[in-house]
Amino acid sequence: MKRVFLAGIAAACIASTTVFAADVKIGYIDMQRALSSSEAGKEAKEQLAAKVKKYQEEINLKQEDLKKIKENLEKQGILLTDSVRATKEKDYQNKLKDFQRFTKDAQDELQGKDEELTRKIYEGIAKISQEFGQKNSYSFILIKNDTMLFADEKVDVTDEVLKLYNSSRKK
């Protein structure tokens, strides 16, 4: 009895979906492509690349300093008294910890900046997508992702939304 009832409900849902489906307009956005090819995305990449370069230069300098200190410590180790060698080793260890802290802080800052810039771009594209969807009578505009087994390229609205997003930033 339950199976017959459930089958009846399923048939009714399928029938109503078929009638309703004629009015449904669906599109999708490839958000990865939108984030990377938008003008804001390109600017964000440049900003991050400049920060990475700056940090990498500082890291390289600090690594060279640490290398020199370590080499001097190894060369002079035999000639130094135990207390002087211990002091120099402790100094080296402190500088090494500072270096490790600096690289971790730099990495955290870069990751935070990347997330901040990505979020701003994402929010802007989402807002434009909503306006685009309403204006063009879309029922749904989805984000293309790994769970989508198939998406016809004919319903990809990424380029149209990107044009609107890029032009909205110029205003």
# chains A, B, ... in the order shown; residues from 1 in each chain; ligands from 1
>>> residues_around(residues="region 55-57 of chain A", least_positions_apart="6", cutoff="12 Å", atoms="only C-alpha atoms", output="ChimeraX atom specification")
/A:48-49,63-64,99,102-110
>>> write_last_selection(atoms="N, CA and C atoms", output="compact mmCIF listing (two decimals), in the first residue's frame")
# COMPACT_ATOMS: atom_id res chain seq x y z
N LEU A 48 49.13 40.31 -5.29
CA LEU A 48 49.70 39.19 -4.54
C LEU A 48 51.10 38.84 -5.02
N ALA A 49 51.30 38.88 -6.33
CA ALA A 49 52.63 38.58 -6.88
C ALA A 49 53.66 39.58 -6.37
N GLN A 63 67.78 34.24 5.00
CA GLN A 63 68.40 32.92 4.84
C GLN A 63 69.91 33.05 4.67
N GLU A 64 70.33 34.04 3.90
CA GLU A 64 71.77 34.26 3.71
C GLU A 64 72.44 34.62 5.03
N PHE A 99 63.22 33.85 12.04
CA PHE A 99 63.07 33.60 10.61
C PHE A 99 61.84 32.72 10.35
N PHE A 102 58.77 34.73 10.94
CA PHE A 102 58.57 35.68 9.83
C PHE A 102 57.97 34.98 8.61
N THR A 103 58.50 33.83 8.24
CA THR A 103 57.98 33.13 7.06
C THR A 103 56.54 32.68 7.29
N LYS A 104 56.22 32.22 8.50
CA LYS A 104 54.84 31.81 8.82
C LYS A 104 53.91 33.02 8.76
N ASP A 105 54.34 34.14 9.34
CA ASP A 105 53.52 35.35 9.32
C ASP A 105 53.30 35.84 7.89
N ALA A 106 54.35 35.78 7.08
CA ALA A 106 54.24 36.21 5.68
C ALA A 106 53.25 35.31 4.94
N GLN A 107 53.36 34.01 5.16
CA GLN A 107 52.46 33.06 4.51
C GLN A 107 51.02 33.32 4.95
N ASP A 108 50.81 33.52 6.24
CA ASP A 108 49.46 33.79 6.75
C ASP A 108 48.89 35.09 6.18
N GLU A 109 49.74 36.11 6.09
CA GLU A 109 49.27 37.39 5.54
C GLU A 109 48.90 37.25 4.07
N LEU A 110 49.72 36.55 3.31
CA LEU A 110 49.43 36.35 1.89
C LEU A 110 48.14 35.55 1.70
>>> select_by_dssp(residues="region 19-165 of chain A", states="strand (DSSP E)", output="NGL selection string")
:A and (26-29 or 140-143)
>>> residues_around(residues="region 119-133 of chain A", least_positions_apart="5", cutoff="7 Å", atoms="only C-alpha atoms", output="VMD selection string")
chain A and resid 35 40 138 141 161 164 to 165
>>> closest_residue(among="A:Leu142, A:Leu73, A:Ala86, A:Leu79", to="Ile29 (chain A)", atoms="only C-alpha atoms")
A:Leu142
>>> closest_residue(among="A:Leu117, A:Leu66, A:Ile143, A:Ala50", to="Val155 (chain A)", atoms="only C-alpha atoms")
A:Ile143
>>> atom_distance(atom1="CA of Ile69 (chain A)", atom2="CA of Asp82 (chain A)")
17.1 Å
>>> select_by_dssp(residues="chain A", states="helix (DSSP H, G or I)", output="short mmCIF file (atom, residue, chain, number, x, y, z; two decimals) with N, CA and C atoms, in the first residue's frame")
data_model
loop_
_atom_site.label_atom_id
_atom_site.label_comp_id
_atom_site.auth_asym_id
_atom_site.auth_seq_id
_atom_site.Cartn_x
_atom_site.Cartn_y
_atom_site.Cartn_z
N LYS A 2 1.93 1.26 0.85
CA LYS A 2 2.82 2.41 0.90
C LYS A 2 3.54 2.60 -0.43
N ARG A 3 3.94 1.48 -1.05
CA ARG A 3 4.66 1.56 -2.33
C ARG A 3 3.77 2.16 -3.40
N VAL A 4 2.52 1.79 -3.44
CA VAL A 4 1.59 2.33 -4.43
C VAL A 4 1.40 3.82 -4.20
N PHE A 5 1.27 4.20 -2.94
CA PHE A 5 1.10 5.61 -2.60
C PHE A 5 2.33 6.42 -3.00
N LEU A 6 3.53 5.90 -2.65
CA LEU A 6 4.78 6.59 -3.00
C LEU A 6 4.96 6.66 -4.52
N ALA A 7 4.60 5.60 -5.21
CA ALA A 7 4.70 5.60 -6.67
C ALA A 7 3.77 6.65 -7.26
N GLY A 8 2.59 6.80 -6.68
CA GLY A 8 1.64 7.82 -7.14
C GLY A 8 2.18 9.22 -6.93
N ILE A 9 2.79 9.44 -5.78
CA ILE A 9 3.39 10.76 -5.50
C ILE A 9 4.53 11.03 -6.47
N ALA A 10 5.38 10.03 -6.69
CA ALA A 10 6.50 10.20 -7.62
C ALA A 10 6.00 10.51 -9.02
N ALA A 11 4.97 9.82 -9.47
CA ALA A 11 4.41 10.08 -10.80
C ALA A 11 3.84 11.48 -10.89
N ALA A 12 3.17 11.93 -9.84
CA ALA A 12 2.62 13.29 -9.83
C ALA A 12 3.74 14.32 -9.88
N CYS A 13 4.81 14.07 -9.13
CA CYS A 13 5.96 15.00 -9.13
C CYS A 13 6.60 15.07 -10.51
N ILE A 14 6.78 13.92 -11.13
CA ILE A 14 7.38 13.89 -12.46
C ILE A 14 6.50 14.62 -13.46
N ALA A 15 5.20 14.39 -13.39
CA ALA A 15 4.27 15.05 -14.32
C ALA A 15 4.27 16.55 -14.10
N SER A 16 4.25 16.98 -12.84
CA SER A 16 4.24 18.42 -12.59
C SER A 16 5.58 19.05 -12.95
N THR A 17 6.67 18.32 -12.78
CA THR A 17 7.99 18.83 -13.14
C THR A 17 8.09 19.00 -14.64
N THR A 18 7.53 18.09 -15.39
CA THR A 18 7.57 18.18 -16.85
C THR A 18 6.84 19.42 -17.32
N VAL A 19 5.70 19.71 -16.74
CA VAL A 19 4.94 20.91 -17.12
C VAL A 19 5.69 22.15 -16.66
N PHE A 20 6.22 22.10 -15.44
CA PHE A 20 6.94 23.23 -14.87
C PHE A 20 8.26 23.48 -15.57
N ALA A 21 8.90 22.43 -16.05
CA ALA A 21 10.23 22.55 -16.66
C ALA A 21 10.23 23.43 -17.89
N MET A 31 32.93 29.90 -11.87
CA MET A 31 33.44 30.90 -10.94
C MET A 31 34.97 30.95 -10.94
N GLN A 32 35.64 29.82 -11.10
CA GLN A 32 37.10 29.82 -11.15
C GLN A 32 37.59 30.65 -12.33
N ARG A 33 36.97 30.44 -13.47
CA ARG A 33 37.35 31.21 -14.66
C ARG A 33 37.00 32.68 -14.46
N ALA A 34 35.84 32.94 -13.87
CA ALA A 34 35.43 34.32 -13.63
C ALA A 34 36.40 35.03 -12.68
N LEU A 35 36.79 34.33 -11.63
CA LEU A 35 37.71 34.95 -10.67
C LEU A 35 39.07 35.24 -11.29
N SER A 36 39.55 34.31 -12.10
CA SER A 36 40.90 34.49 -12.65
C SER A 36 40.95 35.39 -13.88
N SER A 37 39.85 35.49 -14.64
CA SER A 37 39.92 36.28 -15.86
C SER A 37 39.23 37.64 -15.75
N GLU A 39 38.88 41.53 -14.55
CA GLU A 39 39.90 42.57 -14.36
C GLU A 39 40.32 42.65 -12.90
N ALA A 40 39.36 42.51 -11.99
CA ALA A 40 39.67 42.54 -10.56
C ALA A 40 40.54 41.35 -10.18
N GLY A 41 40.27 40.20 -10.78
CA GLY A 41 41.07 39.01 -10.50
C GLY A 41 42.50 39.17 -10.97
N LYS A 42 42.66 39.76 -12.15
CA LYS A 42 44.00 40.00 -12.66
C LYS A 42 44.76 41.00 -11.78
N GLU A 43 44.05 42.04 -11.33
CA GLU A 43 44.68 43.02 -10.43
C GLU A 43 45.07 42.36 -9.11
N ALA A 44 44.20 41.50 -8.60
CA ALA A 44 44.50 40.80 -7.35
C ALA A 44 45.74 39.92 -7.50
N LYS A 45 45.84 39.22 -8.64
CA LYS A 45 47.02 38.38 -8.88
C LYS A 45 48.28 39.23 -8.88
N GLU A 46 48.21 40.40 -9.52
CA GLU A 46 49.38 41.29 -9.57
C GLU A 46 49.76 41.78 -8.17
N GLN A 47 48.75 42.15 -7.38
CA GLN A 47 49.02 42.61 -6.01
C GLN A 47 49.69 41.50 -5.20
N LEU A 48 49.13 40.31 -5.29
CA LEU A 48 49.70 39.19 -4.54
C LEU A 48 51.10 38.84 -5.02
N ALA A 49 51.30 38.88 -6.33
CA ALA A 49 52.63 38.58 -6.88
C ALA A 49 53.66 39.58 -6.37
N ALA A 50 53.28 40.86 -6.28
CA ALA A 50 54.20 41.89 -5.78
C ALA A 50 54.53 41.63 -4.31
N LYS A 51 53.53 41.25 -3.52
CA LYS A 51 53.77 40.96 -2.11
C LYS A 51 54.66 39.72 -1.97
N VAL A 52 54.38 38.71 -2.78
CA VAL A 52 55.19 37.48 -2.72
C VAL A 52 56.64 37.81 -3.05
N LYS A 53 56.85 38.63 -4.07
CA LYS A 53 58.21 39.00 -4.46
C LYS A 53 58.92 39.73 -3.33
N LYS A 54 58.20 40.67 -2.70
CA LYS A 54 58.79 41.43 -1.59
C LYS A 54 59.18 40.50 -0.44
N TYR A 55 58.26 39.63 -0.07
CA TYR A 55 58.55 38.69 1.01
C TYR A 55 59.68 37.73 0.63
N GLN A 56 59.70 37.28 -0.60
CA GLN A 56 60.73 36.34 -1.03
C GLN A 56 62.11 36.98 -0.96
N GLU A 57 62.20 38.26 -1.31
CA GLU A 57 63.47 38.97 -1.20
C GLU A 57 63.93 39.05 0.25
N GLU A 58 62.99 39.36 1.16
CA GLU A 58 63.33 39.43 2.58
C GLU A 58 63.74 38.05 3.11
N ILE A 59 63.01 37.03 2.69
CA ILE A 59 63.33 35.67 3.11
C ILE A 59 64.73 35.27 2.63
N ASN A 60 65.03 35.60 1.39
CA ASN A 60 66.36 35.27 0.85
C ASN A 60 67.47 35.95 1.64
N LEU A 61 67.28 37.23 1.98
CA LEU A 61 68.28 37.94 2.78
C LEU A 61 68.45 37.30 4.15
N LYS A 62 67.34 36.99 4.79
CA LYS A 62 67.41 36.38 6.11
C LYS A 62 68.05 34.99 6.05
N GLN A 63 67.78 34.24 5.00
CA GLN A 63 68.40 32.92 4.84
C GLN A 63 69.91 33.05 4.67
N GLU A 64 70.33 34.04 3.90
CA GLU A 64 71.77 34.26 3.71
C GLU A 64 72.44 34.62 5.03
N ASP A 65 71.78 35.49 5.80
CA ASP A 65 72.33 35.85 7.12
C ASP A 65 72.46 34.62 8.00
N LEU A 66 71.43 33.81 8.04
CA LEU A 66 71.46 32.60 8.86
C LEU A 66 72.57 31.65 8.40
N LYS A 67 72.72 31.53 7.10
CA LYS A 67 73.75 30.65 6.53
C LYS A 67 75.15 31.14 6.95
N LYS A 68 75.37 32.46 6.88
CA LYS A 68 76.67 33.03 7.27
C LYS A 68 76.94 32.81 8.75
N ILE A 69 75.92 33.03 9.56
CA ILE A 69 76.09 32.84 11.01
C ILE A 69 76.42 31.38 11.30
N LYS A 70 75.72 30.48 10.66
CA LYS A 70 75.95 29.03 10.85
C LYS A 70 77.36 28.64 10.41
N GLU A 71 77.78 29.14 9.24
CA GLU A 71 79.13 28.83 8.75
C GLU A 71 80.20 29.36 9.69
N ASN A 72 80.03 30.61 10.15
CA ASN A 72 81.00 31.19 11.09
C ASN A 72 81.04 30.40 12.39
N LEU A 73 79.88 29.98 12.83
CA LEU A 73 79.80 29.21 14.07
C LEU A 73 80.53 27.88 13.91
N GLU A 74 80.36 27.25 12.77
CA GLU A 74 81.03 25.97 12.52
C GLU A 74 82.55 26.15 12.38
N LYS A 75 82.97 27.24 11.72
CA LYS A 75 84.40 27.50 11.55
C LYS A 75 85.07 27.84 12.88
N GLN A 76 84.40 28.69 13.66
CA GLN A 76 84.99 29.16 14.91
C GLN A 76 84.69 28.24 16.08
N ASP A 82 83.50 27.22 25.63
CA ASP A 82 82.17 26.62 25.70
C ASP A 82 81.08 27.66 25.92
N SER A 83 81.34 28.64 26.80
CA SER A 83 80.32 29.65 27.10
C SER A 83 80.08 30.57 25.90
N VAL A 84 81.13 30.97 25.20
CA VAL A 84 80.98 31.83 24.03
C VAL A 84 80.27 31.06 22.91
N ARG A 85 80.65 29.80 22.70
CA ARG A 85 80.00 28.99 21.67
C ARG A 85 78.52 28.80 21.99
N ALA A 86 78.21 28.55 23.26
CA ALA A 86 76.82 28.36 23.68
C ALA A 86 76.01 29.64 23.44
N THR A 87 76.63 30.77 23.73
CA THR A 87 75.95 32.05 23.51
C THR A 87 75.68 32.27 22.02
N LYS A 88 76.67 31.99 21.18
CA LYS A 88 76.51 32.16 19.74
C LYS A 88 75.49 31.17 19.17
N GLU A 89 75.48 29.95 19.69
CA GLU A 89 74.49 28.96 19.23
C GLU A 89 73.07 29.38 19.63
N LYS A 90 72.97 29.91 20.84
CA LYS A 90 71.65 30.39 21.31
C LYS A 90 71.20 31.56 20.44
N ASP A 91 72.12 32.46 20.12
CA ASP A 91 71.83 33.60 19.25
C ASP A 91 71.34 33.11 17.88
N TYR A 92 72.05 32.10 17.35
CA TYR A 92 71.66 31.52 16.05
C TYR A 92 70.26 30.91 16.14
N GLN A 93 69.99 30.17 17.19
CA GLN A 93 68.68 29.52 17.36
C GLN A 93 67.56 30.58 17.46
N ASN A 94 67.84 31.68 18.16
CA ASN A 94 66.85 32.76 18.25
C ASN A 94 66.58 33.38 16.89
N LYS A 95 67.64 33.61 16.12
CA LYS A 95 67.46 34.17 14.77
C LYS A 95 66.72 33.19 13.86
N LEU A 96 66.99 31.90 14.03
CA LEU A 96 66.29 30.88 13.26
C LEU A 96 64.80 30.88 13.60
N LYS A 97 64.47 31.00 14.89
CA LYS A 97 63.06 31.07 15.30
C LYS A 97 62.40 32.32 14.74
N ASP A 98 63.11 33.44 14.78
CA ASP A 98 62.57 34.68 14.21
C ASP A 98 62.30 34.50 12.71
N PHE A 99 63.22 33.85 12.04
CA PHE A 99 63.07 33.60 10.61
C PHE A 99 61.84 32.72 10.35
N GLN A 100 61.70 31.66 11.11
CA GLN A 100 60.55 30.77 10.94
C GLN A 100 59.24 31.50 11.23
N ARG A 101 59.24 32.33 12.25
CA ARG A 101 58.06 33.12 12.59
C ARG A 101 57.73 34.10 11.46
N PHE A 102 58.77 34.73 10.94
CA PHE A 102 58.57 35.68 9.83
C PHE A 102 57.97 34.98 8.61
N THR A 103 58.50 33.83 8.24
CA THR A 103 57.98 33.13 7.06
C THR A 103 56.54 32.68 7.29
N LYS A 104 56.22 32.22 8.50
CA LYS A 104 54.84 31.81 8.82
C LYS A 104 53.91 33.02 8.76
N ASP A 105 54.34 34.14 9.34
CA ASP A 105 53.52 35.35 9.32
C ASP A 105 53.30 35.84 7.89
N ALA A 106 54.35 35.78 7.08
CA ALA A 106 54.24 36.21 5.68
C ALA A 106 53.25 35.31 4.94
N GLN A 107 53.36 34.01 5.16
CA GLN A 107 52.46 33.06 4.51
C GLN A 107 51.02 33.32 4.95
N ASP A 108 50.81 33.52 6.24
CA ASP A 108 49.46 33.79 6.75
C ASP A 108 48.89 35.09 6.18
N GLU A 109 49.74 36.11 6.09
CA GLU A 109 49.27 37.39 5.54
C GLU A 109 48.90 37.25 4.07
N LEU A 110 49.72 36.55 3.31
CA LEU A 110 49.43 36.35 1.89
C LEU A 110 48.14 35.55 1.70
N GLN A 111 47.96 34.53 2.51
CA GLN A 111 46.75 33.72 2.41
C GLN A 111 45.53 34.56 2.78
N GLY A 112 45.64 35.35 3.83
CA GLY A 112 44.53 36.22 4.25
C GLY A 112 44.18 37.24 3.18
N LYS A 113 45.20 37.84 2.59
CA LYS A 113 44.98 38.83 1.54
C LYS A 113 44.32 38.18 0.32
N ASP A 114 44.78 36.98 -0.04
CA ASP A 114 44.19 36.25 -1.16
C ASP A 114 42.72 35.96 -0.89
N GLU A 115 42.40 35.50 0.32
CA GLU A 115 41.01 35.21 0.67
C GLU A 115 40.16 36.47 0.65
N GLU A 116 40.70 37.58 1.15
CA GLU A 116 39.97 38.84 1.18
C GLU A 116 39.65 39.33 -0.23
N LEU A 117 40.66 39.33 -1.09
CA LEU A 117 40.46 39.78 -2.47
C LEU A 117 39.49 38.86 -3.21
N THR A 118 39.64 37.56 -3.03
CA THR A 118 38.76 36.59 -3.68
C THR A 118 37.32 36.78 -3.22
N ARG A 119 37.13 36.99 -1.92
CA ARG A 119 35.78 37.18 -1.38
C ARG A 119 35.12 38.43 -1.99
N LYS A 120 35.87 39.51 -2.10
CA LYS A 120 35.31 40.75 -2.67
C LYS A 120 34.89 40.54 -4.12
N ILE A 121 35.74 39.87 -4.88
CA ILE A 121 35.42 39.62 -6.29
C ILE A 121 34.22 38.69 -6.38
N TYR A 122 34.22 37.65 -5.58
CA TYR A 122 33.11 36.69 -5.57
C TYR A 122 31.78 37.39 -5.26
N GLU A 123 31.79 38.26 -4.24
CA GLU A 123 30.57 38.97 -3.87
C GLU A 123 30.10 39.88 -5.01
N GLY A 124 31.04 40.53 -5.68
CA GLY A 124 30.67 41.39 -6.81
C GLY A 124 30.08 40.60 -7.96
N ILE A 125 30.68 39.47 -8.27
CA ILE A 125 30.18 38.62 -9.35
C ILE A 125 28.82 38.04 -8.97
N ALA A 126 28.64 37.68 -7.71
CA ALA A 126 27.35 37.13 -7.26
C ALA A 126 26.25 38.18 -7.40
N LYS A 127 26.56 39.41 -7.03
CA LYS A 127 25.57 40.49 -7.14
C LYS A 127 25.19 40.73 -8.60
N ILE A 128 26.17 40.80 -9.46
CA ILE A 128 25.92 41.00 -10.89
C ILE A 128 25.15 39.81 -11.47
N SER A 129 25.47 38.60 -11.02
CA SER A 129 24.77 37.40 -11.49
C SER A 129 23.30 37.44 -11.12
N GLN A 130 23.00 37.90 -9.92
CA GLN A 130 21.60 38.02 -9.49
C GLN A 130 20.85 39.02 -10.36
N GLU A 131 21.47 40.17 -10.59
CA GLU A 131 20.85 41.18 -11.44
C GLU A 131 20.66 40.65 -12.86
N PHE A 132 21.67 39.99 -13.39
CA PHE A 132 21.61 39.41 -14.73
C PHE A 132 20.50 38.36 -14.80
N GLY A 133 20.42 37.52 -13.80
CA GLY A 133 19.40 36.47 -13.77
C GLY A 133 18.00 37.03 -13.75
N GLN A 134 17.78 38.05 -12.93
CA GLN A 134 16.46 38.67 -12.85
C GLN A 134 16.10 39.37 -14.16
N LYS A 135 17.05 40.10 -14.70
CA LYS A 135 16.81 40.86 -15.93
C LYS A 135 16.53 39.93 -17.11
N GLU A 153 27.43 23.78 -22.46
CA GLU A 153 28.10 25.08 -22.59
C GLU A 153 27.16 26.17 -23.09
N LYS A 154 26.04 25.78 -23.67
CA LYS A 154 25.06 26.76 -24.15
C LYS A 154 24.45 27.57 -23.01
N VAL A 155 24.45 27.00 -21.81
CA VAL A 155 23.87 27.72 -20.67
C VAL A 155 24.94 28.37 -19.78
N THR A 158 28.98 32.81 -18.00
CA THR A 158 30.17 33.41 -17.39
C THR A 158 30.63 34.65 -18.16
N ASP A 159 30.74 34.55 -19.47
CA ASP A 159 31.24 35.69 -20.25
C ASP A 159 30.33 36.91 -20.15
N GLU A 160 29.02 36.69 -20.21
CA GLU A 160 28.08 37.81 -20.12
C GLU A 160 28.17 38.49 -18.75
N VAL A 161 28.23 37.68 -17.70
CA VAL A 161 28.32 38.22 -16.35
C VAL A 161 29.66 38.93 -16.15
N LEU A 162 30.73 38.37 -16.69
CA LEU A 162 32.05 39.01 -16.58
C LEU A 162 32.07 40.38 -17.24
N LYS A 163 31.46 40.48 -18.42
CA LYS A 163 31.40 41.78 -19.10
C LYS A 163 30.67 42.80 -18.23
N LEU A 164 29.55 42.39 -17.64
CA LEU A 164 28.80 43.30 -16.78
C LEU A 164 29.59 43.65 -15.52
N TYR A 165 30.26 42.66 -14.95
CA TYR A 165 31.05 42.89 -13.74
C TYR A 165 32.20 43.85 -14.01
N ASN A 166 32.94 43.60 -15.09
CA ASN A 166 34.07 44.47 -15.42
C ASN A 166 33.59 45.90 -15.71
N SER A 167 32.49 46.04 -16.42
CA SER A 167 32.00 47.39 -16.72
C SER A 167 31.44 48.07 -15.46
N SER A 168 30.88 47.31 -14.52
CA SER A 168 30.35 47.90 -13.29
C SER A 168 31.48 48.46 -12.42
N ARG A 169 32.66 47.89 -12.52
CA ARG A 169 33.80 48.37 -11.74
C ARG A 169 34.35 49.68 -12.27
N LYS A 170 34.10 49.95 -13.55
CA LYS A 170 34.63 51.18 -14.17
C LYS A 170 33.80 52.40 -13.81
#
>>> atom_distance(atom1="CA of Val24 (chain A)", atom2="CA of Asn145 (chain A)")
20.6 Å
